Every structure is written in structure tokens, then in C-alpha cells.
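Here is upload.txt, consisting of compact mmCIF, C-alpha atoms:
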```txt
# COMPACT_ATOMS: atom_id res chain seq x y z
CA MET A 163 -11.78 21.77 28.11
CA GLN A 164 -8.70 20.58 26.20
CA ALA A 165 -9.55 16.94 26.88
CA LEU A 166 -12.55 17.20 24.55
CA HIS A 167 -10.39 18.18 21.59
CA THR A 168 -7.68 15.67 22.49
CA ALA A 169 -10.13 12.78 22.66
CA ALA A 170 -11.78 13.94 19.44
CA THR A 171 -8.45 13.67 17.61
CA GLY A 172 -8.12 10.15 18.99
CA MET A 173 -11.57 9.22 17.66
CA ALA A 174 -10.73 10.64 14.23
CA ALA A 175 -7.43 8.73 14.16
CA GLN A 176 -9.10 5.42 15.00
CA GLU A 177 -11.83 6.08 12.45
CA LEU A 178 -9.13 6.43 9.78
CA SER A 179 -7.42 3.29 11.08
CA VAL A 180 -10.67 1.35 10.66
CA GLN A 181 -11.02 2.74 7.13
CA VAL A 182 -7.54 1.45 6.22
CA ILE A 183 -8.26 -1.95 7.78
CA SER A 184 -11.59 -2.21 5.95
CA ASN A 185 -9.86 -1.50 2.62
CA ASN A 186 -7.31 -4.23 3.34
CA ILE A 187 -10.04 -6.74 4.15
CA ALA A 188 -12.07 -5.69 1.10
CA ASN A 189 -9.05 -6.47 -1.09
CA LEU A 190 -8.32 -9.92 0.33
CA GLN A 191 -8.89 -11.48 -3.10
CA THR A 192 -7.38 -8.67 -5.17
CA THR A 193 -4.45 -9.93 -7.25
CA GLY A 194 -1.17 -8.27 -6.31
CA TYR A 195 -2.75 -6.01 -3.66
CA LYS A 196 -0.35 -4.60 -1.05
CA LYS A 197 -1.78 -3.87 2.40
CA GLN A 198 -1.65 -0.49 4.13
CA THR A 199 -1.30 0.56 7.75
CA ALA A 200 -2.15 3.84 9.45
CA ALA A 201 0.78 5.69 11.06
CA PHE A 202 0.23 8.31 13.77
CA GLN A 203 2.22 10.90 15.72
CA ASP A 204 1.41 12.93 18.81
CA LEU A 205 0.53 16.60 18.35
CA ILE A 206 2.44 19.59 19.69
CA TYR A 207 2.56 19.94 23.49
CA GLN A 208 1.61 22.85 25.71
CA HIS A 209 4.52 23.33 28.11
CA ILE A 210 3.09 24.55 31.42
CA ARG A 211 6.39 24.01 33.19
CA ARG A 212 9.42 23.08 31.12
CA VAL A 213 11.56 20.20 32.26
CA GLY A 214 15.07 21.32 33.19
CA ALA A 215 13.97 24.83 34.07
CA GLN A 216 15.50 26.57 37.10
CA SER A 217 13.17 26.35 40.11
CA SER A 218 15.03 28.48 42.66
CA ASP A 219 17.57 31.25 42.96
CA GLN A 220 20.07 28.61 44.10
CA GLY A 221 19.97 26.97 40.65
CA THR A 222 17.77 24.00 41.45
CA ILE A 223 16.68 22.25 38.24
CA LEU A 224 13.25 20.74 37.75
CA PRO A 225 13.56 16.96 37.23
CA VAL A 226 10.23 16.80 35.40
CA GLY A 227 7.97 19.28 33.66
CA ILE A 228 4.27 19.72 32.98
CA ASP A 229 3.47 19.03 29.35
CA ILE A 230 -0.13 18.82 28.12
CA GLY A 231 -0.51 16.87 24.89
CA GLY A 232 -2.78 18.05 22.09
CA GLY A 233 -3.79 14.64 20.81
CA VAL A 234 -2.82 12.63 17.75
CA LYS A 235 -2.46 13.19 14.02
CA THR A 236 -2.17 10.93 10.97
CA VAL A 237 1.20 11.10 9.22
CA GLY A 238 0.69 8.48 6.54
CA THR A 239 -0.78 5.20 5.39
CA PRO A 240 2.38 3.36 4.34
CA ARG A 241 1.99 0.34 2.09
CA SER A 242 3.71 -2.98 2.82
CA MET A 243 5.35 -4.33 -0.34
CA THR A 244 6.07 -7.81 1.01
CA GLN A 245 5.65 -10.81 -1.26
CA GLY A 246 2.20 -12.37 -1.57
CA THR A 247 1.68 -16.10 -1.97
CA LEU A 248 1.39 -17.53 -5.48
CA SER A 249 -1.78 -19.25 -6.62
CA GLN A 250 -1.72 -21.54 -9.64
CA THR A 251 -4.33 -20.86 -12.32
CA GLY A 252 -3.03 -22.82 -15.29
CA ASN A 253 -3.73 -19.95 -17.69
CA ASP A 254 -0.87 -19.32 -20.13
CA LEU A 255 -1.03 -15.53 -19.78
CA ASP A 256 -1.35 -15.41 -15.98
CA LEU A 257 2.03 -14.29 -14.67
CA ALA A 258 3.35 -13.82 -11.14
CA ILE A 259 6.51 -12.06 -9.99
CA THR A 260 8.59 -13.66 -7.26
CA GLY A 261 10.90 -11.03 -5.82
CA GLU A 262 11.49 -7.44 -6.90
CA GLY A 263 9.84 -5.74 -9.83
CA PHE A 264 6.61 -4.63 -11.46
CA PHE A 265 5.06 -5.19 -14.85
CA LYS A 266 5.21 -2.03 -16.97
CA ILE A 267 1.93 -1.00 -18.63
CA GLN A 268 1.57 1.64 -21.36
CA MET A 269 -1.48 3.85 -20.90
CA PRO A 270 -3.57 5.36 -23.72
CA ASP A 271 -1.88 8.77 -23.26
CA GLY A 272 1.57 7.22 -23.73
CA THR A 273 2.59 7.33 -20.07
CA PHE A 274 3.51 4.25 -18.07
CA GLN A 275 2.06 2.72 -14.93
CA TYR A 276 3.17 -0.32 -12.95
CA THR A 277 1.48 -3.36 -11.44
CA ARG A 278 2.03 -6.67 -9.67
CA ASP A 279 -1.19 -7.98 -11.19
CA GLY A 280 -0.22 -10.39 -13.95
CA THR A 281 -3.74 -11.21 -15.11
CA PHE A 282 -3.02 -10.70 -18.81
CA GLN A 283 -4.96 -11.51 -21.95
CA MET A 284 -4.72 -11.04 -25.72
CA ASP A 285 -6.62 -8.25 -27.48
CA ASN A 286 -8.03 -8.36 -31.01
CA GLN A 287 -4.59 -7.55 -32.40
CA GLY A 288 -2.89 -10.38 -30.55
CA ARG A 289 -1.13 -8.02 -28.12
CA ILE A 290 -0.60 -9.05 -24.48
CA VAL A 291 -2.65 -6.58 -22.45
CA ASN A 292 -3.96 -6.08 -18.91
CA ALA A 293 -7.62 -6.17 -17.85
CA GLN A 294 -8.17 -2.61 -19.14
CA GLY A 295 -6.73 -3.47 -22.57
CA ASN A 296 -3.45 -1.58 -22.09
CA PRO A 297 -0.35 -3.33 -23.51
CA VAL A 298 2.39 -4.81 -21.37
CA GLN A 299 5.85 -3.43 -22.12
CA PRO A 300 7.79 -4.11 -24.22
CA GLY A 301 4.86 -4.67 -26.58
CA ILE A 302 4.47 -8.30 -27.65
CA THR A 303 2.07 -9.54 -30.34
CA ILE A 304 1.15 -13.22 -30.54
CA PRO A 305 0.72 -14.42 -34.17
CA ASN A 306 -2.87 -15.53 -34.80
CA ASN A 307 -1.70 -18.94 -36.06
CA ALA A 308 0.63 -19.59 -33.12
CA SER A 309 0.12 -22.22 -30.43
CA GLY A 310 1.77 -23.34 -27.22
CA ILE A 311 2.52 -20.01 -25.56
CA THR A 312 5.39 -20.39 -23.09
CA ILE A 313 6.84 -17.68 -20.84
CA ASN A 314 9.95 -18.61 -18.88
CA ALA A 315 11.39 -17.19 -15.67
CA GLN A 316 13.34 -14.57 -17.65
CA GLY A 317 10.15 -13.33 -19.31
CA GLN A 318 10.95 -14.73 -22.77
CA VAL A 319 7.74 -15.40 -24.71
CA SER A 320 7.91 -18.40 -27.03
CA VAL A 321 5.30 -19.88 -29.38
CA THR A 322 5.10 -22.72 -31.86
CA LEU A 323 4.40 -21.60 -35.44
CA PRO A 324 2.73 -23.71 -38.14
CA GLY A 325 5.13 -25.99 -40.00
CA SER A 326 7.64 -25.99 -37.15
CA THR A 327 8.15 -28.40 -34.28
CA ASN A 328 10.44 -26.02 -32.39
CA SER A 329 9.29 -23.01 -30.38
CA SER A 330 10.33 -19.53 -31.44
CA ILE A 331 11.03 -16.57 -29.12
CA ILE A 332 8.87 -13.62 -30.19
CA GLY A 333 9.61 -11.20 -27.37
CA GLN A 334 10.51 -10.69 -23.75
CA ILE A 335 8.48 -9.16 -20.93
CA ALA A 336 10.58 -6.77 -18.88
CA LEU A 337 10.28 -5.80 -15.22
CA THR A 338 10.67 -2.40 -13.55
CA ARG A 339 11.95 -1.78 -10.06
CA PHE A 340 12.17 1.27 -7.78
CA ILE A 341 14.53 2.34 -5.00
CA ASN A 342 11.54 2.96 -2.71
CA LYS A 343 8.57 0.79 -3.70
CA ALA A 344 6.47 2.18 -0.85
CA GLY A 345 6.77 5.62 -2.48
CA LEU A 346 4.65 4.59 -5.48
CA GLN A 347 1.27 6.29 -5.86
CA PRO A 348 -1.72 3.92 -6.14
CA VAL A 349 -4.20 5.01 -8.81
CA GLY A 350 -6.68 2.11 -8.78
CA ASN A 351 -7.09 -0.82 -11.17
CA ASN A 352 -4.11 -2.48 -9.40
CA LEU A 353 -1.82 0.17 -10.91
CA PHE A 354 0.83 2.49 -9.47
CA THR A 355 2.61 5.54 -10.81
CA ASP A 356 6.14 6.63 -9.93
CA THR A 357 6.71 9.68 -7.73
CA PRO A 358 9.73 11.66 -6.54
CA SER A 359 9.54 9.52 -3.37
CA SER A 360 9.73 6.22 -5.27
CA GLY A 361 12.67 7.28 -7.39
CA PRO A 362 12.84 6.89 -11.16
CA PRO A 363 11.81 3.58 -12.75
CA GLN A 364 14.64 1.15 -13.46
CA ASP A 365 13.81 -1.21 -16.31
CA GLY A 366 15.49 -4.60 -16.45
CA LEU A 367 15.04 -8.26 -17.27
CA ALA A 368 13.42 -10.82 -15.03
CA SER A 369 15.87 -13.05 -13.12
CA ALA A 370 18.65 -10.49 -13.62
CA GLU A 371 20.48 -9.30 -10.49
CA GLY A 372 18.11 -7.25 -8.35
CA TYR A 373 15.01 -8.32 -10.27
CA GLY A 374 12.50 -11.05 -9.51
CA SER A 375 11.59 -14.00 -11.68
CA ILE A 376 8.36 -14.66 -13.57
CA THR A 377 6.16 -17.71 -13.00
CA GLN A 378 3.74 -18.63 -15.78
CA GLY A 379 0.28 -19.95 -14.93
CA SER A 380 0.20 -18.33 -11.47
CA LEU A 381 -0.93 -15.10 -9.85
CA GLU A 382 0.33 -13.29 -6.76
CA GLN A 383 -2.30 -13.01 -4.05
CA ALA A 384 -2.82 -10.06 -1.71
CA ASN A 385 -0.35 -9.93 1.18
CA VAL A 386 -3.17 -9.33 3.69
CA ASP A 387 -3.16 -11.45 6.85
CA VAL A 388 -6.79 -11.90 7.92
CA VAL A 389 -5.97 -12.71 11.56
CA SER A 390 -3.75 -9.66 11.89
CA GLU A 391 -6.34 -7.38 10.30
CA MET A 392 -9.10 -8.63 12.61
CA SER A 393 -6.86 -8.12 15.63
CA ASN A 394 -6.08 -4.57 14.46
CA LEU A 395 -9.78 -3.92 13.91
CA ILE A 396 -10.64 -4.95 17.47
CA ALA A 397 -7.84 -2.79 18.87
CA ALA A 398 -8.98 0.23 16.82
CA GLN A 399 -12.58 -0.27 17.92
CA ARG A 400 -11.59 -0.43 21.58
CA ALA A 401 -9.42 2.68 21.26
CA TYR A 402 -12.29 4.55 19.60
CA GLU A 403 -14.65 3.54 22.41
CA MET A 404 -12.18 4.69 25.06
CA ASN A 405 -11.78 8.09 23.38
CA ALA A 406 -15.55 8.40 23.18
CA LYS A 407 -15.76 7.74 26.93
CA VAL A 408 -13.19 10.47 27.52
CA VAL A 409 -15.34 12.92 25.55
CA SER A 410 -18.38 11.95 27.65
CA ALA A 411 -16.44 12.24 30.93
CA ALA A 412 -14.95 15.61 29.97
CA ASP A 413 -18.40 16.91 29.02
CA GLN A 414 -19.83 15.83 32.37
CA MET A 415 -16.96 17.49 34.22
CA MET A 416 -17.57 20.74 32.33
CA GLN A 417 -21.25 20.64 33.21
CA THR A 418 -20.43 20.05 36.90
CA THR A 419 -17.92 22.90 36.92
CA SER A 420 -20.42 25.27 35.25
CA ALA A 421 -23.08 24.38 37.82
CA LEU A 422 -20.71 25.16 40.70
CA PHE A 423 -20.03 28.68 39.42
CA ARG A 424 -23.62 29.67 38.66
```
Taking this structure as input, can you express it in the form of C-alpha cells?
Amino acid sequence: MQALHTAATGMAAQELSVQVISNNIANLQTTGYKKQTAAFQDLIYQHIRRVGAQSSDQGTILPVGIDIGGGVKTVGTPRSMTQGTLSQTGNDLDLAITGEGFFKIQMPDGTFQYTRDGTFQMDNQGRIVNAQGNPVQPGITIPNNASGITINAQGQVSVTLPGSTNSSIIGQIALTRFINKAGLQPVGNNLFTDTPSSGPPQDGLASAEGYGSITQGSLEQANVDVVSEMSNLIAAQRAYEMNAKVVSAADQMMQTTSALFR
């Protein structure tokens, strides 16, 4: 019976939906995390009687047809790139982006990856690096005798050197933007890589036209809405249960039909 397969596709779709929701909830406290949703489409139809077909020799046209659906399929888990709220930390090297853009990180193999997670630190060489020790681009090294690290909205990094009462600019953190942010490929560790779907990376300066600004001493929180996720979870659970009932009903109907023809 086709209903068994159709309902099974519905159960699989809702199982994936729950998986996506669970990942969103698990990352409620992940800095810079962007939530995902599950997107579905109906499967190809079996056309028993096509709508608009001629139903008589006099040219009568059928106003409706008979189309049997094959179920549902997953077409993607698009990521929402909306702005998360900023949380103050007071740490000099905690940076948050308000608006467009990503921090550019150089990986050990020389390639670049991108992140909204501005939880930065200094390594043993004084370089500004992410949690995995990979340097932020352009590379900036803080002198070991410097004090009073200041990073303004444009990403300019200033420090106070010994013997001077004025701060000195030692570098500038750049931002990178993409035509289609949702086309970035997540690779874990709060990092993304560019893809043909995202378009090529466009490097620029913070607060320039089309780029966001940088806030020192703050971090961007995940853009996950707990109430919305719980509502989606309940809806997915109910849909799964309904599909399971369809499977049970279809199985009972098949057993009844088989008994009648024995």
C-alpha cells in the first residue's frame, strides 16, 4: 500500500526536523551560532487522471484530476544569518560584529575560514588568535610591553607603549562579507568556509559601507529563540505521531484486505 511509504517519508522528515531543532537548542549558548531550519518539498505525484484531460468525445474537460502524492523530501537546512544580541564581557579581546561581516581566520594550511565568534586571545607570540590558536587576519601582534589594548568600531587596534602617554595604532582587524551568507559551509568550531553558493569573499574595513561595526568587550550570542524552537519541536513531534498512526492504520487495512481474499 502506497500510504505506508508516504507516511514513512513523513516520519523521516519529522525526525530530521527534530534533529535540526535539537542542534539549535544545544547551541543556545554558542557564541555567534546561527540557527537552522528544515525545508521540505512534496515528492513526485502519480497521475491517475490528469486534470484538464478530455472526458468525452464532445470535448468535455475534467475540472479536477486524481493525483496520488508520494510523500515528502528534505531539500535543505537553510541557516538564518540574522543578528544575535550582544553580551558584554569586559574582556579587551572579546569582539562582536554588529551588522554585516565575518572575522577572517588563517588556518594552519594557509587557507582562510570565517566566523562571527569574536572570542579572541593572545598566543605566546603576542598574536591575536581564535580559540584554536589560528591568527585573525590581517595578522596583528601585540608588543609584550604594551598596555591598554583598545579596538574601535573600525577595527583599529591601539596600545600604549612604555615611555608614551599616547596610544599607538599597531594594526586593523578587517571584516569579510559574502553576497549570500546562507551559502557558507559550516565546518565546526564556529567556522565557515566559502562555497560557490556564497560567492567569493569580499574583504573590507569595519564601519565601511556595507560592512558592520566592531564592539570591543562584547560577544554576539546565538540567534536562537527558545520559545520558537520549543513550539517547532512540539509541532514536529505531533506530525511524527500522526504519520506513525497512518502507518499503523494502513497496515491494519492491508491485513483486513488480505483476510478477505484468502
*Which polymer residues have any atom within 8 Å of an atom of Ala344 of chain A, counting all atoms listed in the file, with same-chain residues fewer than 5 positions away left out, as a ChimeraX atom specification?*
/A:240-243,360
_Taking only C-alpha atoms into account, name the residue in A:Thr273, A:Thr193, A:Ser410, A:Ser309 that is nearest to Asn328 of chain A._
A:Ser309
_Give me the residues near segment 374-385 of chain A as JSON, numbers by chain, where near means some atom within 10 Å (using only C-alpha atoms) and where sequence neighbours in that chain fewer than 3 positions away do not count._
{"A": [186, 187, 189, 190, 191, 192, 193, 194, 195, 196, 197, 198, 242, 243, 244, 245, 246, 247, 248, 249, 250, 251, 252, 253, 254, 255, 256, 257, 258, 259, 260, 261, 262, 263, 264, 278, 279, 280, 281, 311, 312, 313, 314, 315, 316, 317, 318, 335, 336, 337, 338, 339, 366, 367, 368, 369, 370, 371, 388]}
Export, as an mmCIF file, in the frame of the given file, the selected residues with C-alpha atoms.
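So again11.cif came out as:
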```cif
data_model
loop_
_atom_site.group_PDB
_atom_site.id
_atom_site.type_symbol
_atom_site.label_atom_id
_atom_site.label_comp_id
_atom_site.auth_asym_id
_atom_site.auth_seq_id
_atom_site.Cartn_x
_atom_site.Cartn_y
_atom_site.Cartn_z
ATOM 1 C CA ASN A 186 -7.310 -4.230 3.340
ATOM 2 C CA ILE A 187 -10.040 -6.740 4.150
ATOM 3 C CA ASN A 189 -9.050 -6.470 -1.090
ATOM 4 C CA LEU A 190 -8.320 -9.920 0.330
ATOM 5 C CA GLN A 191 -8.890 -11.480 -3.100
ATOM 6 C CA THR A 192 -7.380 -8.670 -5.170
ATOM 7 C CA THR A 193 -4.450 -9.930 -7.250
ATOM 8 C CA GLY A 194 -1.170 -8.270 -6.310
ATOM 9 C CA TYR A 195 -2.750 -6.010 -3.660
ATOM 10 C CA LYS A 196 -0.350 -4.600 -1.050
ATOM 11 C CA LYS A 197 -1.780 -3.870 2.400
ATOM 12 C CA GLN A 198 -1.650 -0.490 4.130
ATOM 13 C CA SER A 242 3.710 -2.980 2.820
ATOM 14 C CA MET A 243 5.350 -4.330 -0.340
ATOM 15 C CA THR A 244 6.070 -7.810 1.010
ATOM 16 C CA GLN A 245 5.650 -10.810 -1.260
ATOM 17 C CA GLY A 246 2.200 -12.370 -1.570
ATOM 18 C CA THR A 247 1.680 -16.100 -1.970
ATOM 19 C CA LEU A 248 1.390 -17.530 -5.480
ATOM 20 C CA SER A 249 -1.780 -19.250 -6.620
ATOM 21 C CA GLN A 250 -1.720 -21.540 -9.640
ATOM 22 C CA THR A 251 -4.330 -20.860 -12.320
ATOM 23 C CA GLY A 252 -3.030 -22.820 -15.290
ATOM 24 C CA ASN A 253 -3.730 -19.950 -17.690
ATOM 25 C CA ASP A 254 -0.870 -19.320 -20.130
ATOM 26 C CA LEU A 255 -1.030 -15.530 -19.780
ATOM 27 C CA ASP A 256 -1.350 -15.410 -15.980
ATOM 28 C CA LEU A 257 2.030 -14.290 -14.670
ATOM 29 C CA ALA A 258 3.350 -13.820 -11.140
ATOM 30 C CA ILE A 259 6.510 -12.060 -9.990
ATOM 31 C CA THR A 260 8.590 -13.660 -7.260
ATOM 32 C CA GLY A 261 10.900 -11.030 -5.820
ATOM 33 C CA GLU A 262 11.490 -7.440 -6.900
ATOM 34 C CA GLY A 263 9.840 -5.740 -9.830
ATOM 35 C CA PHE A 264 6.610 -4.630 -11.460
ATOM 36 C CA ARG A 278 2.030 -6.670 -9.670
ATOM 37 C CA ASP A 279 -1.190 -7.980 -11.190
ATOM 38 C CA GLY A 280 -0.220 -10.390 -13.950
ATOM 39 C CA THR A 281 -3.740 -11.210 -15.110
ATOM 40 C CA ILE A 311 2.520 -20.010 -25.560
ATOM 41 C CA THR A 312 5.390 -20.390 -23.090
ATOM 42 C CA ILE A 313 6.840 -17.680 -20.840
ATOM 43 C CA ASN A 314 9.950 -18.610 -18.880
ATOM 44 C CA ALA A 315 11.390 -17.190 -15.670
ATOM 45 C CA GLN A 316 13.340 -14.570 -17.650
ATOM 46 C CA GLY A 317 10.150 -13.330 -19.310
ATOM 47 C CA GLN A 318 10.950 -14.730 -22.770
ATOM 48 C CA ILE A 335 8.480 -9.160 -20.930
ATOM 49 C CA ALA A 336 10.580 -6.770 -18.880
ATOM 50 C CA LEU A 337 10.280 -5.800 -15.220
ATOM 51 C CA THR A 338 10.670 -2.400 -13.550
ATOM 52 C CA ARG A 339 11.950 -1.780 -10.060
ATOM 53 C CA GLY A 366 15.490 -4.600 -16.450
ATOM 54 C CA LEU A 367 15.040 -8.260 -17.270
ATOM 55 C CA ALA A 368 13.420 -10.820 -15.030
ATOM 56 C CA SER A 369 15.870 -13.050 -13.120
ATOM 57 C CA ALA A 370 18.650 -10.490 -13.620
ATOM 58 C CA GLU A 371 20.480 -9.300 -10.490
ATOM 59 C CA VAL A 388 -6.790 -11.900 7.920
#
```
*asked:* I'd like the neighbourhood of segment 207-224 of chain A as a list in words, where a residue qualifies if any of its atoms comes within 12 Å (using only C-alpha atoms), though same-chain residues fewer than 3 positions away should be ignored.
replied: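 Once the nearby chain positions are removed, what remains is Gln164, Thr168, Gln203, Asp204, Gly227, Ile228, Asp229, Ile230, Gly231, Gly232, Gly233 and Val234 of chain A.
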Report as lines of an AutoDock Vina configuration file the centre and the edge lengths, in Å to one decimal, of the axis-aligned box holding every listed atom of segment 318-324 of chain A, padded by 3 Å on each side.
```
center_x = 6.8
center_y = -19.2
center_z = -30.5
size_x = 14.2
size_y = 15.0
size_z = 21.4
```
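Shortest separation to Ile290 of chain A among A:Ala421, A:Ile267, A:Val408, A:Ala308 occurs at residue A:Ile267, atoms counted being all atoms listed in the file.
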